[in-house]
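Take a look at the structure below.
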Amino acid sequence: MVTTLQDTFKQNILNALEQAKKKNKSVLVSHVEKIQPIDPLQFYSQGEEAFLGERFFWKAPGHNLTIVGLGKEDKISTDDHTNNRFHYIENIWKQLKESYINNINLDRSHQATGPILFGGFSFDPLKEKDQKWDTFSEANLMLPKLMYTLEEGNGFLTINQLVYPNDSFSHCIKHYDELKNYASVSGHFSCGFQEIEYRMEEKNTREWLDAIKQATKQIRRGEFNKVVLAREVSLSFNKTVDIYRVLASLIEEQTSSYIFSFEKGRQCFVGATPERLVKKEKDQLLSTCLAGSIKRGQTVKEDEQLGLELLNDPKNLEEHAFVVKMISDAVSDCCETLDVPKEPALLKTKNIQHLYTPVKGKMKPGFSLWDLIEKLHPTPALGGYPKEKAIEKIRELEPMHRGWYAGPIGWIDANDNGEFAVALRSGLIEDDQVSLYAGCGIVKDSVPEREYYETQIKLNPMLSALGGTIHE
Ligand SMILES: C=C(O[C@H]1C=CC=C(C(=O)O)[C@@H]1O)C(=O)O
Ligand SMILES: [Mg+2]
């Protein structure tokens, strides 16, 4: 594989063709070039005709990184109903890199350029499948044909092309020229105001409230310490949901969250989550403990008071403490040093404030990003404590199927750098139908009605992006 920022594409194709013929198998050419920054959403929408159902969008909080992928040059997926899926993906990715990327020459100074996998995982591969999530595998990652990266204001275009032994040089060059055209966009995506009508149906609310009562009883009996229980609402719109408007609105409103979309055929999984699962950059590890919530105030003063209340509330501090303990324990084996603040701080999004403890580590050699994901998922911010018991309880008590809600979603590059977030504050869109999900950390002092109110707040980012009403 050859990756370069210079215009050596033709030479790379010649080399790749020679190697493909010699080995009698495909070789990946991943061509990266710096381009004038373009609007990521314009690029995304430009790919609609050719790549609908095979696109992704990812924006990290702030302005540091946005990536948009169009088309699937290769994919790794599994419907394996065991917990082995992270290492399954790791092994196939390793094989892909060995067979395709055999004279790797990456410019390592820019994040998320060259060959990367983007995708996600279901929350629980052992839970029986639900029809709604049929097309989403337990793990689904794609190597895009074409990818735009906006990193710190710099634009890069990556074209990934598998070159086969019988390909002709002219065919390969034509393919490249065609793909490059997708980056010829100008201006900014503007969504304008549009009235959208919808009907909302809450699913199994009574059962959900009962599940909380049952969970708190079992916690008080000492069966386990914490479980996160989620619920679902269904929305029916009077027309097909416009995914660009949803993303544009999330980008504008949810500036401290990861904005993501992953398309699978006619369905699109979208969200704005404030929760990082893990980021790995060389030997630096970052994870986030985010659990414990309170609404935002109407005034600066009220907002500060609510924040202070949260920082001192025993029930929320307990919810948070399980997450800090589990994440610190889970990554400690992989790290030479680990930095975990003793007290949580506040992380505020437009709609909600959370208790927040960042975890930083310097990794020991020999551990991969996949190892970290496997150890961390699900954290007690979306599973519970202890981990296995909590997953069992979710299967038993939660009256719905999570699908990819609360699963890891993100990207990894060819050098094992990457970042995965937890797919919270999310929904599955199919034409004019949307399912939204929100959950709450249940501990011994949880009150069902208060937890219900908390999920209402957590539904608001997606409801607002879809054009819906805010309940606060
Ligand atoms: C499970 C969700 O949020 C988690 C993340 C932050 C705060 C949480 C809480 O306070 O309950 C949850 O653990 C969700 O948004 O669906
Ligand atoms: Mg909570």
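Lettering and numbering for the structure tokens are positional, with chains as A, B, ... in the shown order, residues counted from 1 in each chain, and ligands counted from 1 in the shown order.
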
> Please, which residues of stretch 320-398 of chain A, numbered as in this document, come out strand (DSSP E) from DSSP, as number ranges by chain?
Replying inline: A: 335-339, 345-348, 352-363, 384-385

>> Hey, which residues sit close to ligand 2? Say within 6 Å, counting only C-alpha atoms and all ligand atoms, and write them as a PyMOL selection string.
In response: chain A and resi 292-293+440-441

> Can I get the residues close to ligand 1 as an MDAnalysis selection string, where close means within 8 Å and we count only C-alpha atoms and all ligand atoms?
Replying inline: chainID A and resid 228:230 273:275 290:294 316 319:320 354:355 380:382 406 424:425 437:442 451 454:455 458:459

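Residues lying within 10 Å of A:Leu372, counting only C-alpha atoms and ignoring same-chain neighbours fewer than 6 positions away, are Phe86, Leu277, Val278, Lys279, Lys280, Leu285, Ser287, Ala330, Val331 and Cys334 of chain A.
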
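You will find atom CA of A:Leu397 at 10.4 Å from atom CA of A:Lys213.
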
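With distances restricted to only C-alpha atoms, A:Lys342 is the closest residue to A:Val359 from A:Lys174, A:Lys301, A:Lys342, A:Lys94.
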
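Closest approach to A:Glu18 from the set A:Ile409, A:Ile429, A:Val163, A:Cys289 is made by A:Val163, with distances taken over only C-alpha atoms.
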
> Which neighbours of A:Lys217 fall inside 12 Å, counting only C-alpha atoms, when residues of the same chain fewer than 5 positions from it are skipped, and could you give them as a ChimeraX atom specification?
Replying inline: /A:210-212,222-227,442-448

> Do you know which residues are at most 8 Å from A:Glu449 counting only C-alpha atoms, after dropping those on the same chain fewer than 3 positions away, and could you put them as JSON, numbers by chain?
Replying inline: {"A": [209, 452, 453]}

> Where does DSSP see helix (DSSP H, G or I) in stretch 21-228 of chain A, if you list the residues as a PyMOL selection string?
Replying inline: chain A and resi 21-23+40-46+48-51+85-100+131-133+169-183+205-220

> Interatomic distance between atom CA of A:Tyr385 and atom CA of A:Lys129?
Replying inline: 24.2 Å

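Distance annotation: of A:Leu126, A:Leu14, A:Leu286, A:Ala321, the residue with the minimal separation from A:Leu338 is A:Leu286; atom set is only C-alpha atoms.
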
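Coordinates place atom CA of A:Asp413 at a distance of 26.4 Å from atom CA of A:Asp167.
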
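Here the question is which of A:Asn84, A:Asn415, A:Thr357, A:Asn181 gets nearest to A:Val340 using only C-alpha atoms, and that residue is A:Thr357.
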